[in-house]
Every structure is written in structure tokens, then in C-alpha cells.
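Before any comments, here is the structure.
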Amino acid sequence: MQWTLPAFAAAGILGLPAAAQAASALKDWPSYNNTLTSERYSTLDAIDAKNVAGLKVLCSFDTGEQTSFQTGLLEVDGALFATTEHDTMSIDANNCKQNWRAHAEFASGVLKVNRGLAWLDGRLFRGTVDGRVIAYSAKNGKPLWSTTIADPAKGESVPAAPIAWNGLVFIGNAGGDNKGVKGRMYALDAATGSIVWEFYLVPKAPGDAVRGPQAPGSAPNVGTWKNAKGIPITGGATWTSYSLDPGKGLLYVPGGNPAPDFAGGSREGENLFASSIVVLDAKTGAYRKHFQLVKHDFHDWDVSSAPVLFQNRVGHRMLAEAPKDGHLYLFDLNSGQLVYRKPVTTVANAEAPMTAQGTRFCPGSQGGAEWNGAAFDPGNNLIFTGEVDWCTTVRLAPAASLQSAPPGKPWSGATEGFGQQDDPKSWSGWLTASDAVSGERKWQFHAPFPLMGGVTPTNGGLLLFGDMGGTFYAFEAVSGKKLWSADLGGAIAGGVITYDSGQGQKIAVAAGMTSPIWPTPKINGKVVVLGL
């Protein structure tokens with residue numbers, strides 16, 4: 001379920017040529033997780049452990065909207081780029097003045113969310129609640145093309161932050177909690193918007209729509225759904241962002257939950273590729289392999305964030321993922337084997353069956369890691385995870401209600417939407433530093449509020465992150481010592497990035513998220529820029 005509330009870059013390590021490795025030492029932040037391989041690591045070091053105590057707010061940009069401000073910020077050539085549900089904006093990265101703002105008109109969605117942009121060759125790309133992908137000129141905000149990949153009448157939307165590479169834009173549809181909606185992944189031509197390929201992330205039925213050329217080959221997921229009569233295959237949708245290995249041309253897609261979310265007995269089997277990372281040939285969409293993290297998910301534990309692709313200190317190519325189930329996973333990309341699975345937030349009652357009387361489990365359906373996942377610090381060989389700590393109680397609805405539920409509507413199998421959340425006063429968060437090789441916990445910080453924004457390590461020895469109480473932190477990465485913090489005046493659930501556009505290193509933070517679930521002040525979303 002998508003939730004209402006978020007140079008030593010290893011792109012070169014995974015097989016890029018030397019020129020691309022040099023280009024990875026960027027002073028910009030050109031993709032959702034900085035690199036396509038999603039480490040979120042910055043090579044910048046002008047702000048470091050010695051001088052970070054002098055950090056201050058330099059300027060801020062007010063969006064003028066009270067919104068679910070989860071945008072993943074980008075910075076390219078002196079411009080910051082951000083999104084709200086309807087708007088795309090360019091902001092001067094040094095003084096926060098607006099360069100341009102583009103508005104897309106459509107009926108607002110329930111979640112009122114967009115999670116960010118992709119940038120490629122002077123173009124920006126984003127999804128919309130009404131099922132489109134739109135391209136804009138990064139220079140002036142002029143719309144360039146618009147392509148429909150999802151049907152809002154069926155409960156589908158496109159809130160994910162796309163990524164772009166080699167003339168292609170990669171993005172999928174959300175809505176996998178709605179009855180009958182199936183996750184699909186797309187590659188669009190960056191110049192024209194035409195669909196290059198379409199890949200169904202769960203088995204496609206004869207009557208399912210075809211929106212573009214179907215990816216070649218077959219995937220081993222058809223026999224993994226043993227649904228009861230009247231229970232259509234549903235789920236596997238994507239709502240966050242993606243990763244890509246440029247050296248091998250492989251796209252890594254995090255897949256959402258199967259549905260009905262909690263009524264696992266109505267859909268026996270492994271339910272592939274829901275709650276899995278699916279690896280596709282980026283150019284053709286052909287299936288290559290998959291990693292199923294949550295087998296037969298019945299807790300709404302999506303694989304909710306882009307996996308981190310990196311080479312560890314002993315030379316192994318690895319994949320790290322922090323999904324909503326509260327664990328950090330590490331896979332060896334050469335062997336495909338799971339290396340470890342370690343808890344990084346409260347995990348309780350995870351194996352207990354759902355009942356009509358009620359089952360309480362942790363992390364809850366809106367806990368664990370959300371749209372911002374793990375980060376990798378190559379200098380210290382550490383993986384950092386920001387997590388939500390709260391629990392949910394689910395009471396199963398009668399089986400007959402699953403069959404009578406209308407198509408295209410939320411379809412969890414619970415009597416109370418997506419469960420009854422614990423009292424918000426008990427909600428908190430965990431920031432964990434884990435050894436990248438062994439998974440050993442090096443240090444952990446218990447935050448007073450959930451952690452949903454991006455977590456960003458730097459070559460200056462810092463770890464930058466914020467919480468839903470509005471506090472922004474700078475920690476010493478290797479020790480977990482708090483070096484600096486400040487209240488930015490709004491819940492931090494979006495991008496935390498750092499860049500140098502020619503006037504010194506700066507940090508930009510998306511703050512001010514509002515939500516009907518999280519009791520945050522109703523303030524405008526804003527982009528806050530900090531520096532020395």
C-alpha cells in the first residue's frame with residue numbers, strides 16, 4: 001500500500017567505464033537518489049564534522065500549498081526542482097527564488113502526492129494522479145509531451161519518481177491496493193513520450209489493457225497465484241522510485257503488495273512478483289530475475305523503495321533493500337543469494353495469522369521503511385536505514401465482502417481500511433548504521449518521531465536526515481554522534497540532498513508534509529536551503 005504520509009558513487013563500481021566513474025563525482029544531485037544505483041552518497045566534503053556546527057538556514061521557498069510534500073528534490077546546473085501533486089517548479093539553488101512553475105490540471109487524488117522527478121538532457125519527467133507522465137523543459141517549464149500509462153477510473157495513478165537513462169524514462173503505475181489493479185512497468189522514449197515497452201509485474205489476464213509493446217520473454221510468476229473464485233489477481237504496483245545498473249543495462253523495480261492486502265487465504269501461493277524486486281533488461285523490458293523479499297505477504301509490506309546497488313569493501317557486488325517489513329536485506333548480485341536479513345525497527349507478532357477478532361503486528365501497515373530507503377557510505381562501509389516504528393491492528397472482514405467489493409476501490413480485506421493504527425503519541429523512528437558486509441549494527445538512534453525523509457551520507461563524514469517532528473539532523477556518520485540539529489518548522493518526509501552549484505556546498509530539504517493520518521501542523525510545503 002502506498003501511504004498518505006516521503007567521487008565514490010558506486011555507479012562506477014558496478015561496471016561503468018572510467019569516464020562514467022569520473023562523472024559520478026557530481027556536485028549536482030541529478031536523480032532521485034543522486035546516482036541511478038541509489039546509494040544517496042555525496043562526494044562533497046566542504047561541510048564536514050568540524051564545521052557543521054555553523055550550519056544555518058540560508059533561504060526557503062514556500063510552495064503556497066498545504067500538501068503531502070514528499071518530493072524527492074533534484075539539483076542540476078544551479079536549479080532546484082520540486083513537485084507537488086499538480087505543480088512542477090524550478091528554484092534558484094542559491095537564493096530560493098522561483099525560476100518557473102508549471103501547473104497540470106486534473107482532479108485531485110485521495111493522497112494528494114507526487115514523489116518527484118527525473119532529469120535527462122535538459123528535460124524533466126514526472127507522473128500525475130490522473131495517470132499521465134509529463135515532460136517539461138528544465139530551462140523554462142514548457143510542456144513537451146504527455147503520455148497516459150494508467151487509468152484513474154480504475155483506481156490507478158502515477159505518483160512515483162521516475163528515473164531516466166540512455167534516452168528512456170522508467171516509471172510504473174500505483175493503485176495495487178484497489179481491486180483488480182495490476183502493477184505495470186514502462187519505458188518511455190524521453191524525446192517523444194512514446195511507450196517503448198510495457199511489463200506486467202503480476203500475471204496478465206486476457207482482458208487486461210495493452211498500452212504499448214509487450215516486453216519479450218516470459219516470467220515465472222503465472223502459477224504463483226492460486227486465487228479463490230471471484231478474487232482477481234491484484235497488486236504489485238509501484239509507487240516510489242527505481243534503480244538501474246548502467247554498466248549492465250539492468251533495471252531494478254520494487255514491487256508493491258498483493259491484494260486483498262490482509263486476506264492472504266483468498267490468494268494462496270507466492271504471489272509473484274508482488275513484494276519483490278524485479279530485474280528487467282532496461283532496453284527491452286525482458287525479465288531477467290527477481291528477489292522476493294516478503295513471501296506471500298499478508299501485512300501490506302511492500303518493497304517500498306529503490307534498492308541500493310553497490311560494491312562492498314571486499315569487492316562483492318551487492319543489493320541492499322529496506323522494505324516496509326522492518327528489516328534490512330542484503331543480496332549478493334553474483335550468486336543471487338540472500339546474505340542477511342536484519343531487523344532495523346520493532347518487529348513483533350509477524351507470523352501470527354489475521355483474524356476477525358484482531359491481530360496486532362509490528363511494523364504496522366504504515367511502518368518500516370517507506371518511500372525513502374537505505375543509503376550506502378562507501379568510505380565507512382556502512383548502510384544507513386531510516387525507519388518508522390509503529391504497529392497496526394487488523395480485523396479481517398467476512399470473506400463474502402471480498403467478492404462483492406466493487407472493482408477499482410480500496411480492497412484490503414480488513415474491516416477498518418488498512419487497519420487501526422496505534423496511538424500517534426507512541427509513534428517514533430529508528431536510524432540504524434549497519435556494517436555493509438556483515439549486517440552488524442554499529443550504532444542506532446531512536447528518533448522521537450518517524451523517519452521518512454531521505455537519509456544522506458557525505459564525504460565530509462556526515463549523515464543528514466530529518467524526522468516527522470520537523471527536526472533536521474547532522475550526525476557523525478561513523479559514530480552516530482549528533483553534531484547539529486534545528487527545527488525546520490514542518491514534517492520532513494521528502495528529499496534531503498546536498499550540492500554545490502558554484503557558490504559552496506549547500507543542503508536542501510523538503511519540509512512541511514501534511515497528512516490526515518499524521519498529526520502535523522497544517523502548514524505549507526517548503527524547500528529549505530542550508531549552508532555555512
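By order of appearance in the C-alpha cells: chains A, B, ..., then residues from 1 within every chain, and ligands from 1 in the order shown.
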
Checklist entry - Leaving out Thr63 of chain A and any residue of its chain fewer than 2 positions from it, which residues lie within 10 Å of it when counting only C-alpha atoms, given as a ChimeraX atom specification? => result /A:60-61,65-67,69,82-84,87,89,98,101,512,524-527

Please produce a file of those selected residues containing N, CA and C atoms, as a PDB file, in the first residue's frame.
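Output saved as part_11.pdb:
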ATOM      1  N   SER A  60      14.506  29.887   1.938  1.00  0.00           N
ATOM      2  CA  SER A  60      13.482  28.853   1.771  1.00  0.00           C
ATOM      3  C   SER A  60      12.508  29.277   0.689  1.00  0.00           C
ATOM      4  N   PHE A  61      11.880  28.297   0.090  1.00  0.00           N
ATOM      5  CA  PHE A  61      10.872  28.537  -0.946  1.00  0.00           C
ATOM      6  C   PHE A  61       9.554  27.950  -0.483  1.00  0.00           C
ATOM      7  N   GLU A  65       1.231  25.722  -0.778  1.00  0.00           N
ATOM      8  CA  GLU A  65       0.265  24.626  -0.727  1.00  0.00           C
ATOM      9  C   GLU A  65       0.417  23.832   0.572  1.00  0.00           C
ATOM     10  N   GLN A  66      -0.710  23.492   1.170  1.00  0.00           N
ATOM     11  CA  GLN A  66      -0.725  22.505   2.242  1.00  0.00           C
ATOM     12  C   GLN A  66      -0.942  21.153   1.573  1.00  0.00           C
ATOM     13  N   THR A  67       0.082  20.335   1.576  1.00  0.00           N
ATOM     14  CA  THR A  67       0.065  19.162   0.723  1.00  0.00           C
ATOM     15  C   THR A  67       0.915  18.052   1.327  1.00  0.00           C
ATOM     16  N   PHE A  69       3.808  16.700   1.077  1.00  0.00           N
ATOM     17  CA  PHE A  69       5.032  17.145   0.407  1.00  0.00           C
ATOM     18  C   PHE A  69       6.130  16.094   0.575  1.00  0.00           C
ATOM     19  N   ALA A  82      11.377  20.654  -7.802  1.00  0.00           N
ATOM     20  CA  ALA A  82      10.490  20.041  -6.822  1.00  0.00           C
ATOM     21  C   ALA A  82       9.102  19.901  -7.419  1.00  0.00           C
ATOM     22  N   THR A  83       8.290  19.040  -6.807  1.00  0.00           N
ATOM     23  CA  THR A  83       6.921  18.837  -7.267  1.00  0.00           C
ATOM     24  C   THR A  83       5.948  18.860  -6.105  1.00  0.00           C
ATOM     25  N   THR A  84       4.710  19.262  -6.411  1.00  0.00           N
ATOM     26  CA  THR A  84       3.562  18.963  -5.563  1.00  0.00           C
ATOM     27  C   THR A  84       2.621  18.109  -6.402  1.00  0.00           C
ATOM     28  N   ASP A  87       1.850  20.673  -9.379  1.00  0.00           N
ATOM     29  CA  ASP A  87       2.822  21.650  -9.866  1.00  0.00           C
ATOM     30  C   ASP A  87       4.238  21.093  -9.924  1.00  0.00           C
ATOM     31  N   MET A  89       8.203  22.807 -10.200  1.00  0.00           N
ATOM     32  CA  MET A  89       8.845  24.104 -10.051  1.00  0.00           C
ATOM     33  C   MET A  89      10.350  24.029 -10.125  1.00  0.00           C
ATOM     34  N   GLN A  98      12.053  31.722  -7.333  1.00  0.00           N
ATOM     35  CA  GLN A  98      11.423  30.876  -8.348  1.00  0.00           C
ATOM     36  C   GLN A  98      11.921  31.235  -9.735  1.00  0.00           C
ATOM     37  N   ARG A 101       7.283  27.934 -12.788  1.00  0.00           N
ATOM     38  CA  ARG A 101       6.356  26.994 -12.157  1.00  0.00           C
ATOM     39  C   ARG A 101       5.328  26.570 -13.190  1.00  0.00           C
ATOM     40  N   GLY A 512       7.495  20.144   5.585  1.00  0.00           N
ATOM     41  CA  GLY A 512       6.128  20.651   5.632  1.00  0.00           C
ATOM     42  C   GLY A 512       5.091  19.706   5.064  1.00  0.00           C
ATOM     43  N   ASN A 524       2.345  25.083   4.920  1.00  0.00           N
ATOM     44  CA  ASN A 524       2.698  24.898   3.522  1.00  0.00           C
ATOM     45  C   ASN A 524       3.965  24.058   3.385  1.00  0.00           C
ATOM     46  N   GLY A 525       4.013  23.279   2.310  1.00  0.00           N
ATOM     47  CA  GLY A 525       5.248  22.613   1.968  1.00  0.00           C
ATOM     48  C   GLY A 525       6.286  23.644   1.555  1.00  0.00           C
ATOM     49  N   LYS A 526       7.538  23.391   1.897  1.00  0.00           N
ATOM     50  CA  LYS A 526       8.592  24.345   1.553  1.00  0.00           C
ATOM     51  C   LYS A 526       9.903  23.624   1.304  1.00  0.00           C
ATOM     52  N   VAL A 527      10.742  24.242   0.489  1.00  0.00           N
ATOM     53  CA  VAL A 527      12.101  23.771   0.264  1.00  0.00           C
ATOM     54  C   VAL A 527      13.022  24.677   1.067  1.00  0.00           C
TER      55      VAL A 527
END

Per residue of segment 188-262 of chain A within 12 Å of segment 382-397 of chain A, note the shortest atom pair and the distance in Å to one decimal, counting only C-alpha atoms, and order the rows by chain and increasing residue number, as JSON lines.
{"residue": "A:Pro260", "atom": "CA", "partner": "A:Leu396", "partner_atom": "CA", "distance": 10.5}
{"residue": "A:Asp261", "atom": "CA", "partner": "A:Leu396", "partner_atom": "CA", "distance": 10.3}
{"residue": "A:Phe262", "atom": "CA", "partner": "A:Leu396", "partner_atom": "CA", "distance": 7.3}

Could those residues be written to a file, using C-alpha atoms, as a compact mmCIF listing (two decimals), in the first residue's frame?
# COMPACT_ATOMS: atom_id res chain seq x y z
CA PRO A 260 -6.55 -8.04 -0.80
CA ASP A 261 -3.73 -6.92 1.49
CA PHE A 262 -4.53 -8.86 4.67

Next on the checklist: Env of segment 454-458 of chain A: 8 Å cut, atoms = only C-alpha atoms, seq-sep filter 2 positions within chain, self excluded. Answer as a PyMOL selection string.
Outcome noted: chain A and resi 6+40-45+372-377+384-386+452+460-466+477+493-497

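The spacing separating atom CA of Trp484 of chain A from atom CA of Val437 of chain A amounts to 28.9 Å.
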
Next on the checklist: Which residue is closest to Pro30 of chain A? Choose from A:Val76, A:Leu319, A:Ala49, A:Val57 and count only C-alpha atoms.
Outcome noted: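 Ranking A:Val76, A:Leu319, A:Ala49, A:Val57 by distance to Pro30 of chain A, first place goes to A:Val76.
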
So that each row is one residue of segment 20-92 of chain A with an atom at most 6 Å from segment 300-314 of chain A, can you give its shortest atom pair and the distance in Å to one decimal, using only C-alpha atoms, rows by chain and rising number, as CSV?
residue,atom,partner,partner_atom,distance
A:Thr37,CA,A:Leu309,CA,5.1
A:Ser38,CA,A:Val308,CA,5.0
A:Glu39,CA,A:Val308,CA,5.4

Please, could you write that set of residues out with C-alpha atoms as a short mmCIF file (atom, residue, chain, number, x, y, z; two decimals), in the first residue's frame?
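Written out: part.cif:
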data_model
loop_
_atom_site.label_atom_id
_atom_site.label_comp_id
_atom_site.auth_asym_id
_atom_site.auth_seq_id
_atom_site.Cartn_x
_atom_site.Cartn_y
_atom_site.Cartn_z
CA THR A 37 22.33 2.96 -8.43
CA SER A 38 20.65 4.74 -5.49
CA GLU A 39 23.42 4.96 -2.88
#

Next on the checklist: Report, in Å to a single decimal, how far apart atom CA of Ser501 of chain A and atom CA of Leu74 of chain A are.
Outcome noted: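 So the two atoms, atom CA of Leu74 of chain A and atom CA of Ser501 of chain A, lie 12.1 Å apart.
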
Item to check | Every residue of segment 312-425 of chain A that DSSP places in helix (DSSP H, G or I), as a list in words | outcome: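 Everything in segment 312-425 of chain A that counts as helix (DSSP H, G or I) is Ala399, Ala400, Ser401, Leu402, Gln403, Ser404, Pro424 and Lys425 of chain A.
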
Next on the checklist: Here is a test: counting only C-alpha atoms, which residue of A:Thr148, A:Gln70, A:Ser218, A:His103 is nearest to Leu188 of chain A?
Outcome noted: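 Using only C-alpha atoms, Leu188 of chain A sits closest to A:Thr148.
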
Next on the checklist: For Ala53 of chain A, find every residue with an atom within 10 Å (counting only C-alpha atoms), except residues of its own chain fewer than 2 positions away, and show them as a PyMOL selection string.
Outcome noted: chain A and resi 47-51+55-56+474+483-485+532

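Across the structure, atom CA of Leu293 of chain A and atom CA of Ala433 of chain A are spaced 20.7 Å apart.
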
Item to check | Residues near segment 399-411 of chain A, cut-off 8 Å, only C-alpha atoms, skip fewer than 6 positions along chain, as a list in words | outcome: Ala153, Lys154, Gly155, Glu156, Asp177, Asn178, Lys179, Gly180, Val181, Gly230, Ile231, Ala259, Pro260, Asp261 and Gly417 of chain A

Residue subset to file, keeping all heavy atoms, as a JSON list (two decimals), in the first residue's frame:
[["chain", "number", "residue", "atom", "x", "y", "z"],
["A", 153, "ALA", "N", -9.88, 5.97, -13.38],
["A", 153, "ALA", "CA", -11.22, 5.43, -13.15],
["A", 153, "ALA", "C", -11.17, 4.05, -12.52],
["A", 153, "ALA", "O", -12.12, 3.61, -11.87],
["A", 153, "ALA", "CB", -12.00, 5.38, -14.46],
["A", 154, "LYS", "N", -10.04, 3.37, -12.67],
["A", 154, "LYS", "CA", -9.85, 2.05, -12.07],
["A", 154, "LYS", "C", -9.06, 2.11, -10.77],
["A", 154, "LYS", "O", -8.66, 1.08, -10.23],
["A", 154, "LYS", "CB", -9.13, 1.13, -13.06],
["A", 154, "LYS", "CG", -9.96, 0.83, -14.31],
["A", 154, "LYS", "CD", -9.19, -0.10, -15.24],
["A", 154, "LYS", "CE", -10.01, -0.44, -16.47],
["A", 154, "LYS", "NZ", -9.27, -1.33, -17.41],
["A", 155, "GLY", "N", -8.78, 3.33, -10.29],
["A", 155, "GLY", "CA", -8.02, 3.48, -9.06],
["A", 155, "GLY", "C", -6.52, 3.54, -9.28],
["A", 155, "GLY", "O", -5.75, 3.41, -8.33],
["A", 156, "GLU", "N", -6.07, 3.75, -10.51],
["A", 156, "GLU", "CA", -4.65, 3.82, -10.81],
["A", 156, "GLU", "C", -4.16, 5.26, -10.80],
["A", 156, "GLU", "O", -4.92, 6.19, -11.08],
["A", 156, "GLU", "CB", -4.37, 3.19, -12.19],
["A", 156, "GLU", "CG", -4.75, 1.72, -12.26],
["A", 156, "GLU", "CD", -4.51, 1.12, -13.63],
["A", 156, "GLU", "OE1", -4.21, 1.89, -14.58],
["A", 156, "GLU", "OE2", -4.64, -0.10, -13.76],
["A", 177, "ASP", "N", -3.57, -1.49, -4.26],
["A", 177, "ASP", "CA", -4.49, -1.82, -3.16],
["A", 177, "ASP", "C", -5.94, -1.83, -3.62],
["A", 177, "ASP", "O", -6.83, -2.19, -2.85],
["A", 177, "ASP", "CB", -4.36, -0.78, -2.04],
["A", 177, "ASP", "CG", -2.96, -0.76, -1.46],
["A", 177, "ASP", "OD1", -2.51, -1.82, -0.99],
["A", 177, "ASP", "OD2", -2.32, 0.30, -1.48],
["A", 178, "ASN", "N", -6.18, -1.41, -4.86],
["A", 178, "ASN", "CA", -7.54, -1.33, -5.39],
["A", 178, "ASN", "C", -7.89, -2.59, -6.18],
["A", 178, "ASN", "O", -7.07, -3.09, -6.95],
["A", 178, "ASN", "CB", -7.69, -0.10, -6.28],
["A", 178, "ASN", "CG", -7.48, 1.18, -5.51],
["A", 178, "ASN", "OD1", -7.90, 1.30, -4.37],
["A", 178, "ASN", "ND2", -6.81, 2.14, -6.12],
["A", 179, "LYS", "N", -9.07, -3.08, -5.98],
["A", 179, "LYS", "CA", -9.48, -4.37, -6.55],
["A", 179, "LYS", "C", -9.30, -4.38, -8.08],
["A", 179, "LYS", "O", -9.82, -3.54, -8.80],
["A", 179, "LYS", "CB", -10.94, -4.65, -6.21],
["A", 179, "LYS", "CG", -11.39, -6.05, -6.61],
["A", 179, "LYS", "CD", -12.81, -6.32, -6.14],
["A", 179, "LYS", "CE", -13.26, -7.74, -6.47],
["A", 179, "LYS", "NZ", -14.65, -8.02, -6.00],
["A", 180, "GLY", "N", -8.52, -5.35, -8.53],
["A", 180, "GLY", "CA", -8.33, -5.56, -9.96],
["A", 180, "GLY", "C", -7.18, -4.80, -10.58],
["A", 180, "GLY", "O", -6.84, -5.04, -11.74],
["A", 181, "VAL", "N", -6.54, -3.89, -9.85],
["A", 181, "VAL", "CA", -5.43, -3.11, -10.41],
["A", 181, "VAL", "C", -4.14, -3.93, -10.36],
["A", 181, "VAL", "O", -3.80, -4.50, -9.32],
["A", 181, "VAL", "CB", -5.24, -1.78, -9.65],
["A", 181, "VAL", "CG1", -3.94, -1.09, -10.09],
["A", 181, "VAL", "CG2", -6.42, -0.86, -9.89],
["A", 230, "GLY", "N", -13.73, -15.45, -7.84],
["A", 230, "GLY", "CA", -14.18, -14.08, -7.62],
["A", 230, "GLY", "C", -13.12, -13.15, -7.06],
["A", 230, "GLY", "O", -13.40, -12.00, -6.76],
["A", 231, "ILE", "N", -11.89, -13.67, -6.90],
["A", 231, "ILE", "CA", -10.79, -12.87, -6.36],
["A", 231, "ILE", "C", -9.78, -12.63, -7.49],
["A", 231, "ILE", "O", -8.96, -13.50, -7.79],
["A", 231, "ILE", "CB", -10.09, -13.56, -5.18],
["A", 231, "ILE", "CG1", -11.10, -13.94, -4.10],
["A", 231, "ILE", "CG2", -8.99, -12.68, -4.61],
["A", 231, "ILE", "CD1", -11.79, -12.75, -3.45],
["A", 259, "ALA", "N", -2.97, -7.95, -3.20],
["A", 259, "ALA", "CA", -4.25, -7.59, -2.57],
["A", 259, "ALA", "C", -5.28, -8.68, -2.88],
["A", 259, "ALA", "O", -5.18, -9.37, -3.89],
["A", 259, "ALA", "CB", -4.72, -6.23, -3.07],
["A", 260, "PRO", "N", -6.30, -8.83, -1.99],
["A", 260, "PRO", "CA", -6.55, -8.04, -0.80],
["A", 260, "PRO", "C", -5.41, -8.17, 0.22],
["A", 260, "PRO", "O", -4.94, -9.27, 0.50],
["A", 260, "PRO", "CB", -7.85, -8.60, -0.25],
["A", 260, "PRO", "CG", -7.98, -9.96, -0.84],
["A", 260, "PRO", "CD", -7.31, -9.91, -2.16],
["A", 261, "ASP", "N", -4.99, -7.02, 0.75],
["A", 261, "ASP", "CA", -3.73, -6.92, 1.49],
["A", 261, "ASP", "C", -3.59, -7.93, 2.62],
["A", 261, "ASP", "O", -2.52, -8.53, 2.79],
["A", 261, "ASP", "CB", -3.59, -5.51, 2.05],
["A", 261, "ASP", "CG", -3.63, -4.43, 0.98],
["A", 261, "ASP", "OD1", -4.58, -4.46, 0.16],
["A", 261, "ASP", "OD2", -2.75, -3.58, 0.97],
["A", 417, "GLY", "N", -10.45, -0.20, 6.80],
["A", 417, "GLY", "CA", -9.48, 0.30, 5.83],
["A", 417, "GLY", "C", -8.20, -0.51, 5.82],
["A", 417, "GLY", "O", -8.19, -1.69, 5.48]]

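Near Leu244 of chain A, within a cut-off of 10 Å and counting only C-alpha atoms, sit the residues A:Ala11, A:Thr35, A:Leu36, A:Thr37, A:Ser38, A:Ile163, A:Ala164, A:Trp165, A:Phe170, A:Lys248, A:Gly249, A:Leu250, A:Leu251, A:Tyr252, A:Val253, A:Val279, A:Leu280, A:Asp281, A:Ala282, A:Ala306, A:Pro307, A:Val308, A:Leu309, with same-chain residues fewer than 4 positions away left out.
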
Within 6 Å of segment 206-212 of chain A using only C-alpha atoms, minus same-chain residues under 6 positions, as a compact mmCIF listing (two decimals) with N, CA, C and O atoms, in the first residue's frame:
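File written: out_17.txt
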# COMPACT_ATOMS: atom_id res chain seq x y z
N ILE A 195 5.55 4.91 -25.75
CA ILE A 195 5.84 3.75 -24.92
C ILE A 195 6.74 2.79 -25.69
O ILE A 195 6.40 2.32 -26.78
N TRP A 197 8.27 -0.06 -24.08
CA TRP A 197 7.83 -1.39 -23.65
C TRP A 197 6.99 -1.28 -22.39
O TRP A 197 7.06 -0.31 -21.65
N GLU A 198 6.17 -2.33 -22.18
CA GLU A 198 5.31 -2.47 -21.01
C GLU A 198 5.54 -3.85 -20.41
O GLU A 198 5.59 -4.84 -21.14

Checklist entry - For Gly367 of chain A, which residue among A:Tyr340, A:Tyr200, A:Trp430, A:Phe331 is the nearest when counting only C-alpha atoms? => result A:Trp430
